[in-house]
Amino acid sequence: MCGIVGYAGWQNAKSVLLEGLKKLEYRGYDSAGMALMLSGDLKIFKGAGEICDLEDKINLDSKECSFGIGHTRWATHGRPSDENAHPHCSCCNKIAIVHNGIIENYQHLRGWLEESGHRFLSETDTEVLVHLVEHYYTGNLMESMRRALALVEGSYALLAVSSWEEGHLVCARKDSPLVIGLGEQENFIASDIPALLSHTRRVYILDDGEMAAVTSSGVKIYNMRGESVDKDIFEIGWDAVEAERGGYPHFMLKEIMEQPQAVRETLRGRLDADTGRVKLSELKFTPAEIQSIEKIHIVACGTAYHAGLVGKYILEKKLQLPVEVDLASEFRYREPLLAPRDLVVAISQSGETADTLAALRLARDKGVRVLAITNVVGSTLSREANDVLFTWAGPEIAVASTKAYLTQLVTLYLLALDFAVARERITSEESAELGRNLSFLPDKIEELLSTNSLNKMQTYAQKLARSENAFFIGRNLDFAVAMEGSLKLKEISYIHAEAHAAGELKHGTLALITEGVPVIALATQQHVLEKTISNVQEVKARDADILILTMTGNDHVEKHAHEVIYLPAINDFFTPILTAVPLQLISYYAAEIRGCSIDKPRNLAKSVTVE
Ligand code: F6R
C-alpha cells in the first residue's frame, strides 16, 4: 500500500532511494516519484509507471545530492497518473511530501485550503497535507507538520522535506508502518524493513502518534505534543540476501522453494523431533488460562484468513472448543459477541494489515486476550497483541503469499497440539505421535518440490493456462485449502477461479460445469474420500476436465480423473501443509505461461495498510 523512503547522508541519494523503492515495489507499483535536494532547490521527478520508468526520468547529475525522499504508489484516491504520483509540492515549491495511507477528511480540508488560495494539481488526498504544512509554516517544518496533523483524520506514514531546511527530513506515523534505519553519518526512513537491509539492521520502529526529525547525523523522536520520546534501538534478524531473488526468475518461485526451510525454522525450538513434544515457551498463558478459554475467534484477511479456515478445523478437533473464523474487515464492523474468556487469534504475514489491526484493537478494547501469528518481528500486530507466535518464514516479497501461508498453518498446528495437551484433550502419547508427523513435513515438502513432481505440475499448468475459469473442490480440511488454491490462481494468472465445498456443487455451481472446464479436486481426507469422489463423478458426468490431488496409495481414484497428483503419505490431519504446495506451483506455472506479472499482479499490493 504505497512505499516511502527517505535518505539523509553522504551517499548518492538518487541511487539509495531508487534501490529502496525497488525493494518496496511490492507495496505498490502504479506510479513512482522522488524529491531530491540540489543546490538549495527541490527537484521533483515523478510519473505513472514503474520504478524503472522513474529512473529514466531523473535527468540530473545527482552525484552532489545526498538528501531526498521517494515514493512508489498504489492508487487509492485518484487514478495512476503523472499528476497523482507523489511527491506532492506546496504552492511555493519549497515543501514536498510523500505519504502512505488515507486522509479521510481531505475533501473538507481541500475546500478550506482552496478558499484560502492554495492551488491543487492532483486528485489525491495526500496533496492536502503539503498545503496544510505550507499554511502553517513559519520557519520550522516539524512544528508546521505537527499543527497540520492535528487537523487530519485518517492514516499516514509520511515524509516531508523543505528547501528552506536542507538536510532535514521530517516523518510521522499513524496506522501505517514506518521505520528509521540508523547508519554511520547517514540515516534512512522506509515503510518496511527490506528497504533498509542492505544498509543497516539497526532501526527505530515508530509508534502511532510519533514524529521524527532525521538528519545525516542524528534522529530525534517526538510525540504529537512535541515532547521528546526515548526509544530502544531494534536489531533486525533478517539479512539482505534473504530479500533478494537469488537467481530465481520470480520471488514467488523462490519463496515456494524455500518452504521446507521456512517450515523447519518455524518448528525449531518448539518441537522436539525425537519425542514429538510441542512446547510454545514464548506464550505467557498459564495452564489454568488455557483451560479456561471458552471460544476462539480467528481474524485475518486473504491468504491469512484461509490459514484461519484450516485453523478452525484443527483447533475445534483437538481442543473441542468452538472456533469462529472471520474476515477482519467484517469482524470489525459486525459487533462480534466477545466474552472475557474468549481468545482472539489474529493472523497476518506483515502484521500491518489495517483491518486485522482494527480487529485486534476491538478485541483488546473489550478486554479480550489476543494472540498474534505474524511473520514480522517488530510489526504493529506483534507489539499490540498480548501474545505472539512468529512464523519464521523470512522476508516474503512476492505479493502472492506462499511460505507465509505454510508457516501460518504450521504455527496453528503447534498451537493446537500445545493447547490440547494443556486442556487434557489429548494424551501426551497422542500429542507425541502427532508431533512426530509434524517433524516429517519439511522432508515431505522437499519431495513435492522434486523435479519429477514439478514436471507434472508444469504439464498440467499448460492445460490450465488455456482456460478462463477453474473450480476447486474439497471437503473439510480440503475445502479450506481449496479456498487458498483458488485465490492463488486468480490473483496471479487472472483465471477466474472459485472454490466450493464439494458437497455444495449441486446446490447451484454445477450449472457452470461444462465440457473441458478444469475442476481441481482435493481428496486427501480419508473419511470423506468416497463422498468427494462421488462429487468428482458429478462433474465428470458434465465433461469437466479433472485433476485430483490425493495421497499416495489412493490409486483407485485414477479412473475418475484426467490427471492425478499424489502427495507423500502423512497423517490426514496434516495434509493441508502438503496440498497447498502443488496448488501454488500450478498457479505459478499457469501465470508464467500466460505471461503475467507474477510478483506484482495487477491492481494488488502487499501489506494492505489502508481499509
Ligand atoms: C494473497 C495475499 C493476501 C494477504 C492479505 C493479508 O496471496 O498475500 O491475501 O494474505 O492481504 O496480508 P497479511 O497476512 O500481511 O495480513
# chains A, B, ... in the order shown; residues from 1 in each chain; ligands from 1
>>> residues_around(residues="Leu414 in chain A", least_positions_apart="5", cutoff="12 Å", atoms="only C-alpha atoms", output="VMD selection string")
chain A and resid 263 266 to 272 276 to 281 283 311 314 to 315 318 373 389 to 391 407 to 409 419 to 421 431 to 432 434 to 439 574
>>> write_last_selection(atoms="N, CA, C and O atoms", output="compact mmCIF listing (two decimals), in the first residue's frame")
# COMPACT_ATOMS: atom_id res chain seq x y z
N VAL A 263 9.48 -23.98 7.04
CA VAL A 263 8.74 -24.82 7.99
C VAL A 263 9.69 -25.32 9.08
O VAL A 263 9.36 -25.30 10.27
N THR A 266 10.23 -22.64 11.54
CA THR A 266 9.04 -22.37 12.37
C THR A 266 8.87 -23.45 13.44
O THR A 266 8.35 -23.19 14.53
N LEU A 267 9.34 -24.66 13.13
CA LEU A 267 9.26 -25.74 14.12
C LEU A 267 10.40 -25.68 15.14
O LEU A 267 10.26 -26.15 16.27
N ARG A 268 11.51 -25.07 14.70
CA ARG A 268 12.73 -25.10 15.53
C ARG A 268 12.48 -24.54 16.94
O ARG A 268 11.90 -23.48 17.10
N GLY A 269 12.92 -25.31 17.92
CA GLY A 269 12.80 -24.85 19.31
C GLY A 269 11.41 -25.01 19.88
O GLY A 269 11.16 -24.73 21.05
N ARG A 270 10.47 -25.42 19.03
CA ARG A 270 9.08 -25.57 19.52
C ARG A 270 8.64 -27.02 19.49
O ARG A 270 7.65 -27.38 20.07
N LEU A 271 9.40 -27.84 18.73
CA LEU A 271 9.02 -29.24 18.58
C LEU A 271 10.27 -30.09 18.73
O LEU A 271 11.26 -29.87 18.02
N ASP A 272 10.21 -31.05 19.63
CA ASP A 272 11.33 -31.98 19.76
C ASP A 272 11.04 -33.16 18.82
O ASP A 272 10.10 -33.92 19.04
N GLY A 276 8.54 -35.78 19.84
CA GLY A 276 7.30 -35.23 19.28
C GLY A 276 6.64 -34.23 20.21
O GLY A 276 5.52 -33.78 19.99
N ARG A 277 7.35 -33.81 21.24
CA ARG A 277 6.76 -32.91 22.24
C ARG A 277 6.75 -31.46 21.72
O ARG A 277 7.74 -30.95 21.21
N VAL A 278 5.61 -30.81 21.86
CA VAL A 278 5.48 -29.41 21.44
C VAL A 278 5.52 -28.51 22.66
O VAL A 278 4.86 -28.78 23.65
N LYS A 279 6.32 -27.45 22.58
CA LYS A 279 6.36 -26.50 23.70
C LYS A 279 6.49 -25.09 23.13
O LYS A 279 7.49 -24.74 22.51
N LEU A 280 5.45 -24.30 23.35
CA LEU A 280 5.48 -22.91 22.86
C LEU A 280 5.85 -22.02 24.03
O LEU A 280 5.00 -21.37 24.64
N SER A 281 7.15 -21.99 24.35
CA SER A 281 7.55 -21.30 25.57
C SER A 281 7.40 -19.79 25.47
O SER A 281 7.43 -19.09 26.49
N LEU A 283 4.72 -18.27 24.72
CA LEU A 283 3.38 -17.85 25.15
C LEU A 283 3.37 -17.65 26.67
O LEU A 283 4.01 -18.39 27.40
N GLY A 311 -7.24 -23.55 10.47
CA GLY A 311 -7.14 -23.47 11.93
C GLY A 311 -8.44 -23.87 12.62
O GLY A 311 -8.43 -24.55 13.65
N ILE A 314 -8.71 -27.67 12.75
CA ILE A 314 -7.77 -28.39 13.61
C ILE A 314 -7.93 -28.01 15.08
O ILE A 314 -7.81 -28.85 15.96
N LEU A 315 -8.23 -26.75 15.35
CA LEU A 315 -8.40 -26.34 16.75
C LEU A 315 -9.69 -26.92 17.32
O LEU A 315 -9.71 -27.41 18.45
N LYS A 318 -9.06 -30.69 17.98
CA LYS A 318 -8.17 -31.09 19.08
C LYS A 318 -8.52 -30.44 20.41
O LYS A 318 -8.20 -30.97 21.47
N ILE A 373 -0.35 -14.19 15.25
CA ILE A 373 0.56 -15.06 14.49
C ILE A 373 1.04 -14.20 13.33
O ILE A 373 0.25 -13.80 12.47
N LEU A 389 3.09 -15.47 18.33
CA LEU A 389 3.85 -16.60 17.78
C LEU A 389 4.37 -16.13 16.43
O LEU A 389 3.58 -15.80 15.53
N PHE A 390 5.69 -16.10 16.28
CA PHE A 390 6.24 -15.68 14.99
C PHE A 390 6.33 -16.88 14.06
O PHE A 390 6.66 -18.00 14.47
N THR A 391 6.04 -16.62 12.79
CA THR A 391 6.27 -17.63 11.75
C THR A 391 7.66 -17.28 11.21
O THR A 391 7.86 -16.15 10.77
N THR A 407 3.74 -21.50 6.81
CA THR A 407 4.22 -21.39 8.19
C THR A 407 3.11 -20.96 9.15
O THR A 407 3.15 -21.28 10.33
N GLN A 408 2.12 -20.25 8.62
CA GLN A 408 0.95 -19.94 9.47
C GLN A 408 0.23 -21.24 9.82
O GLN A 408 -0.19 -21.45 10.97
N LEU A 409 0.10 -22.13 8.82
CA LEU A 409 -0.54 -23.43 9.10
C LEU A 409 0.25 -24.18 10.16
O LEU A 409 -0.31 -24.70 11.13
N PHE A 419 -2.01 -26.52 23.15
CA PHE A 419 -3.21 -26.24 23.96
C PHE A 419 -3.98 -27.53 24.25
O PHE A 419 -4.59 -27.66 25.32
N ALA A 420 -3.96 -28.47 23.30
CA ALA A 420 -4.75 -29.70 23.50
C ALA A 420 -4.19 -30.48 24.69
O ALA A 420 -4.95 -31.04 25.49
N VAL A 421 -2.87 -30.48 24.84
CA VAL A 421 -2.27 -31.16 26.00
C VAL A 421 -2.63 -30.41 27.28
O VAL A 421 -3.06 -31.00 28.27
N SER A 431 -0.22 -36.72 21.43
CA SER A 431 0.43 -35.48 21.02
C SER A 431 1.82 -35.77 20.44
O SER A 431 2.23 -35.20 19.43
N ALA A 432 2.55 -36.70 21.09
CA ALA A 432 3.89 -37.04 20.61
C ALA A 432 3.81 -37.65 19.21
O ALA A 432 4.62 -37.32 18.33
N LEU A 434 1.47 -37.11 16.95
CA LEU A 434 1.14 -36.03 16.00
C LEU A 434 2.36 -35.13 15.79
O LEU A 434 2.65 -34.70 14.68
N GLY A 435 3.07 -34.84 16.87
CA GLY A 435 4.27 -34.00 16.78
C GLY A 435 5.30 -34.62 15.86
O GLY A 435 5.94 -33.92 15.06
N ARG A 436 5.45 -35.93 15.94
CA ARG A 436 6.43 -36.61 15.06
C ARG A 436 6.02 -36.43 13.60
O ARG A 436 6.83 -36.17 12.73
N ASN A 437 4.72 -36.53 13.33
CA ASN A 437 4.23 -36.31 11.96
C ASN A 437 4.58 -34.91 11.47
O ASN A 437 4.96 -34.72 10.33
N LEU A 438 4.43 -33.96 12.39
CA LEU A 438 4.75 -32.57 12.05
C LEU A 438 6.23 -32.45 11.66
O LEU A 438 6.59 -31.74 10.72
N SER A 439 7.07 -33.19 12.37
CA SER A 439 8.51 -33.08 12.10
C SER A 439 8.89 -33.70 10.75
O SER A 439 9.94 -33.40 10.21
N PHE A 574 -2.63 -33.54 8.73
CA PHE A 574 -1.62 -32.55 8.31
C PHE A 574 -1.60 -32.29 6.81
O PHE A 574 -0.73 -31.56 6.33
>>> residues_near_ligand(ligand="ligand 1", cutoff="9 Å", atoms="only C-alpha atoms and all ligand atoms", output="mmCIF file with C-alpha atoms, in the first residue's frame")
data_model
loop_
_atom_site.group_PDB
_atom_site.id
_atom_site.type_symbol
_atom_site.label_atom_id
_atom_site.label_comp_id
_atom_site.auth_asym_id
_atom_site.auth_seq_id
_atom_site.Cartn_x
_atom_site.Cartn_y
_atom_site.Cartn_z
ATOM 1 C CA ALA A 300 -7.380 -12.322 9.268
ATOM 2 C CA CYS A 301 -7.541 -11.257 5.619
ATOM 3 C CA GLY A 302 -6.899 -13.009 2.309
ATOM 4 C CA THR A 303 -4.457 -15.880 2.461
ATOM 5 C CA ALA A 304 -4.041 -15.497 6.223
ATOM 6 C CA TYR A 305 -7.829 -15.897 6.519
ATOM 7 C CA HIS A 306 -7.533 -19.126 4.549
ATOM 8 C CA ALA A 346 -5.093 -12.570 14.677
ATOM 9 C CA ILE A 347 -3.085 -13.900 11.727
ATOM 10 C CA SER A 348 -1.085 -11.626 9.438
ATOM 11 C CA GLN A 349 2.131 -12.112 7.491
ATOM 12 C CA SER A 350 3.005 -8.417 7.556
ATOM 13 C CA GLY A 351 1.490 -7.642 10.932
ATOM 14 C CA GLU A 352 0.415 -4.314 9.424
ATOM 15 C CA THR A 353 -2.871 -5.117 7.660
ATOM 16 C CA ALA A 354 -5.264 -2.318 8.628
ATOM 17 C CA ASP A 355 -8.366 -4.475 9.070
ATOM 18 C CA THR A 356 -6.566 -7.118 11.113
ATOM 19 C CA LEU A 357 -5.110 -4.441 13.391
ATOM 20 C CA THR A 374 2.822 -12.939 12.316
ATOM 21 C CA ASN A 375 5.984 -13.094 10.265
ATOM 22 C CA ALA A 398 6.105 -11.659 -3.768
ATOM 23 C CA VAL A 399 2.638 -10.185 -3.455
ATOM 24 C CA ALA A 400 1.118 -13.673 -3.547
ATOM 25 C CA SER A 401 1.718 -15.258 -0.179
ATOM 26 C CA THR A 402 3.167 -18.789 -0.167
ATOM 27 C CA ALA A 404 3.973 -17.280 4.998
ATOM 28 C CA TYR A 405 0.758 -19.292 4.496
ATOM 29 C CA GLU A 484 -6.396 -20.780 -0.946
ATOM 30 C CA LEU A 487 -7.112 -17.335 -4.606
ATOM 31 C CA LYS A 488 -3.563 -18.152 -5.736
ATOM 32 C CA GLU A 491 -4.532 -13.353 -8.231
ATOM 33 C CA ILE A 492 -1.502 -14.202 -10.333
ATOM 34 C CA LEU A 604 -2.681 -5.572 -5.976
ATOM 35 C CA ALA A 605 -0.074 -4.688 -3.398
ATOM 36 C CA LYS A 606 1.386 -6.487 -0.453
ATOM 37 C CA SER A 607 0.668 -5.276 3.050
ATOM 38 C CA VAL A 608 -2.748 -3.645 2.843
ATOM 39 C CA THR A 609 -2.305 -0.828 5.326
#
>>> residues_around(residues="Ser597 in chain A", least_positions_apart="5", cutoff="10 Å", atoms="only C-alpha atoms", output="list in words")
His250, Ile492, Ser493, Ala591, Glu592 and Arg602 of chain A
>>> write_last_selection(atoms="N, CA and C atoms", output="PDB file, in the first residue's frame")
ATOM      1  N   HIS A 250      11.432 -15.353 -10.312  1.00  0.00           N
ATOM      2  CA  HIS A 250      10.467 -14.567  -9.542  1.00  0.00           C
ATOM      3  C   HIS A 250      10.645 -14.853  -8.059  1.00  0.00           C
ATOM      4  N   ILE A 492      -2.709 -14.376  -9.508  1.00  0.00           N
ATOM      5  CA  ILE A 492      -1.502 -14.202 -10.333  1.00  0.00           C
ATOM      6  C   ILE A 492      -1.691 -14.569 -11.805  1.00  0.00           C
ATOM      7  N   SER A 493      -2.693 -15.428 -12.112  1.00  0.00           N
ATOM      8  CA  SER A 493      -2.845 -15.807 -13.534  1.00  0.00           C
ATOM      9  C   SER A 493      -4.051 -15.120 -14.159  1.00  0.00           C
ATOM     10  N   ALA A 591       0.462 -18.870 -14.572  1.00  0.00           N
ATOM     11  CA  ALA A 591       0.673 -17.420 -14.714  1.00  0.00           C
ATOM     12  C   ALA A 591       1.883 -17.147 -15.607  1.00  0.00           C
ATOM     13  N   GLU A 592       2.900 -17.978 -15.454  1.00  0.00           N
ATOM     14  CA  GLU A 592       4.118 -17.795 -16.264  1.00  0.00           C
ATOM     15  C   GLU A 592       3.790 -18.018 -17.746  1.00  0.00           C
ATOM     16  N   ARG A 602      -1.598  -7.329 -11.243  1.00  0.00           N
ATOM     17  CA  ARG A 602      -2.276  -6.045 -11.481  1.00  0.00           C
ATOM     18  C   ARG A 602      -3.228  -5.706 -10.322  1.00  0.00           C
TER      19      ARG A 602
END
>>> residues_around(residues="Gly474 in chain A", least_positions_apart="2", cutoff="8 Å", atoms="only C-alpha atoms", output="JSON, numbers by chain")
{"A": [472, 476, 477, 478, 479, 480, 482, 500, 501, 502, 521, 522, 523, 532]}
>>> write_last_selection(atoms="N, CA, C and O atoms", output="tab-separated table (two decimals), in the first residue's frame")
chain	number	residue	atom	x	y	z
A	472	PHE	N	-12.25	-25.29	-7.78
A	472	PHE	CA	-11.53	-26.10	-6.79
A	472	PHE	C	-12.57	-26.67	-5.84
A	472	PHE	O	-13.41	-25.91	-5.34
A	476	ASN	N	-14.05	-30.68	4.14
A	476	ASN	CA	-13.33	-30.50	5.40
A	476	ASN	C	-12.02	-29.73	5.17
A	476	ASN	O	-12.01	-28.69	4.52
A	477	LEU	N	-10.90	-30.27	5.66
A	477	LEU	CA	-9.63	-29.56	5.51
A	477	LEU	C	-9.33	-29.27	4.05
A	477	LEU	O	-8.75	-28.24	3.70
A	478	ASP	N	-9.75	-30.18	3.17
A	478	ASP	CA	-9.50	-29.96	1.74
A	478	ASP	C	-10.26	-28.75	1.21
A	478	ASP	O	-9.78	-28.05	0.31
A	479	PHE	N	-11.43	-28.51	1.76
A	479	PHE	CA	-12.18	-27.33	1.32
A	479	PHE	C	-11.43	-26.06	1.73
A	479	PHE	O	-11.29	-25.12	0.94
A	480	ALA	N	-10.92	-26.05	2.96
A	480	ALA	CA	-10.17	-24.87	3.42
A	480	ALA	C	-8.98	-24.60	2.50
A	480	ALA	O	-8.69	-23.44	2.16
A	482	ALA	N	-8.70	-25.60	-0.62
A	482	ALA	CA	-9.22	-25.26	-1.95
A	482	ALA	C	-9.43	-23.74	-2.05
A	482	ALA	O	-9.17	-23.13	-3.09
A	500	HIS	N	-15.27	-24.43	-3.86
A	500	HIS	CA	-16.54	-24.83	-3.24
A	500	HIS	C	-16.35	-26.08	-2.40
A	500	HIS	O	-15.55	-26.95	-2.75
A	501	ALA	N	-17.14	-26.15	-1.34
A	501	ALA	CA	-17.23	-27.41	-0.62
A	501	ALA	C	-17.80	-28.41	-1.62
A	501	ALA	O	-18.80	-28.10	-2.29
A	502	ALA	N	-17.16	-29.55	-1.75
A	502	ALA	CA	-17.55	-30.47	-2.83
A	502	ALA	C	-19.04	-30.81	-2.77
A	502	ALA	O	-19.70	-30.92	-3.80
A	521	ALA	N	-9.83	-31.26	-7.80
A	521	ALA	CA	-10.48	-31.86	-6.63
A	521	ALA	C	-9.42	-32.27	-5.63
A	521	ALA	O	-8.48	-33.00	-5.95
A	522	LEU	N	-9.57	-31.77	-4.40
A	522	LEU	CA	-8.64	-32.15	-3.33
A	522	LEU	C	-9.29	-33.30	-2.57
A	522	LEU	O	-10.41	-33.15	-2.05
A	523	ALA	N	-8.61	-34.42	-2.55
A	523	ALA	CA	-9.22	-35.62	-1.94
A	523	ALA	C	-8.21	-36.31	-1.05
A	523	ALA	O	-7.70	-37.39	-1.36
A	532	THR	N	-16.18	-37.39	-1.68
A	532	THR	CA	-15.57	-36.44	-2.62
A	532	THR	C	-15.54	-37.04	-4.02
A	532	THR	O	-15.82	-36.35	-5.01
>>> atom_distance(atom1="CA of Lys456 in chain A", atom2="CA of Leu547 in chain A")
11.4 Å
>>> closest_residue(among="A:Lys254, A:Arg425, A:Arg73, A:Lys14", to="Leu38 in chain A", atoms="only C-alpha atoms")
A:Lys14
>>> closest_residue(among="A:Leu381, A:Val16, A:Val581, A:Leu362", to="Leu549 in chain A", atoms="only C-alpha atoms")
A:Val581
>>> residues_around(residues="Leu464 in chain A", least_positions_apart="6", cutoff="9 Å", atoms="only C-alpha atoms", output="PDB file with N, CA, C and O atoms, in the first residue's frame")
ATOM      1  N   ALA A 470     -11.850 -21.829 -13.583  1.00  0.00           N
ATOM      2  CA  ALA A 470     -11.444 -23.089 -12.944  1.00  0.00           C
ATOM      3  C   ALA A 470     -12.178 -23.206 -11.617  1.00  0.00           C
ATOM      4  O   ALA A 470     -12.556 -22.195 -11.008  1.00  0.00           O
ATOM      5  N   ILE A 495      -6.991 -16.041 -14.065  1.00  0.00           N
ATOM      6  CA  ILE A 495      -8.015 -17.010 -14.461  1.00  0.00           C
ATOM      7  C   ILE A 495      -9.102 -16.947 -13.386  1.00  0.00           C
ATOM      8  O   ILE A 495      -8.795 -17.007 -12.190  1.00  0.00           O
ATOM      9  N   PRO A 518     -11.831 -26.853 -16.178  1.00  0.00           N
ATOM     10  CA  PRO A 518     -10.953 -27.513 -15.206  1.00  0.00           C
ATOM     11  C   PRO A 518     -11.568 -27.559 -13.802  1.00  0.00           C
ATOM     12  O   PRO A 518     -12.024 -26.534 -13.297  1.00  0.00           O
ATOM     13  N   ILE A 586       1.118 -24.891  -9.503  1.00  0.00           N
ATOM     14  CA  ILE A 586       0.264 -24.907 -10.700  1.00  0.00           C
ATOM     15  C   ILE A 586      -0.130 -23.477 -11.065  1.00  0.00           C
ATOM     16  O   ILE A 586      -0.100 -23.070 -12.223  1.00  0.00           O
ATOM     17  N   SER A 587      -0.482 -22.697 -10.062  1.00  0.00           N
ATOM     18  CA  SER A 587      -0.850 -21.291 -10.315  1.00  0.00           C
ATOM     19  C   SER A 587       0.356 -20.538 -10.868  1.00  0.00           C
ATOM     20  O   SER A 587       0.234 -19.753 -11.817  1.00  0.00           O
ATOM     21  N   ALA A 590       0.987 -21.598 -14.483  1.00  0.00           N
ATOM     22  CA  ALA A 590      -0.078 -21.103 -15.377  1.00  0.00           C
ATOM     23  C   ALA A 590       0.119 -19.605 -15.629  1.00  0.00           C
ATOM     24  O   ALA A 590      -0.005 -19.126 -16.758  1.00  0.00           O
TER      25      ALA A 590
END
>>> atom_distance(atom1="CA of Glu115 in chain A", atom2="CA of Ser90 in chain A")
15.4 Å
>>> residues_around(residues="Gly49 in chain A", least_positions_apart="6", cutoff="9 Å", atoms="only C-alpha atoms", output="ChimeraX atom specification")
/A:29-32,80-82
>>> residues_around(residues="range 235-247 of chain A", least_positions_apart="6", cutoff="8 Å", atoms="only C-alpha atoms", output="list in words")
Pro194, Leu197, Ser198, Arg201, Arg202, Val203, Lys254, Val377, Gly394, Pro395, Glu396 and Ile397 of chain A
>>> select_by_dssp(residues="range 4-215 of chain A", states="helix (DSSP H, G or I)", output="PyMOL selection string")
chain A and resi 13-23+25-27+51-57+106-115+127-136+141-149+163-165+193-195
>>> atom_distance(atom1="CA of Gly553 in chain A", atom2="CA of Ser453 in chain A")
16.2 Å
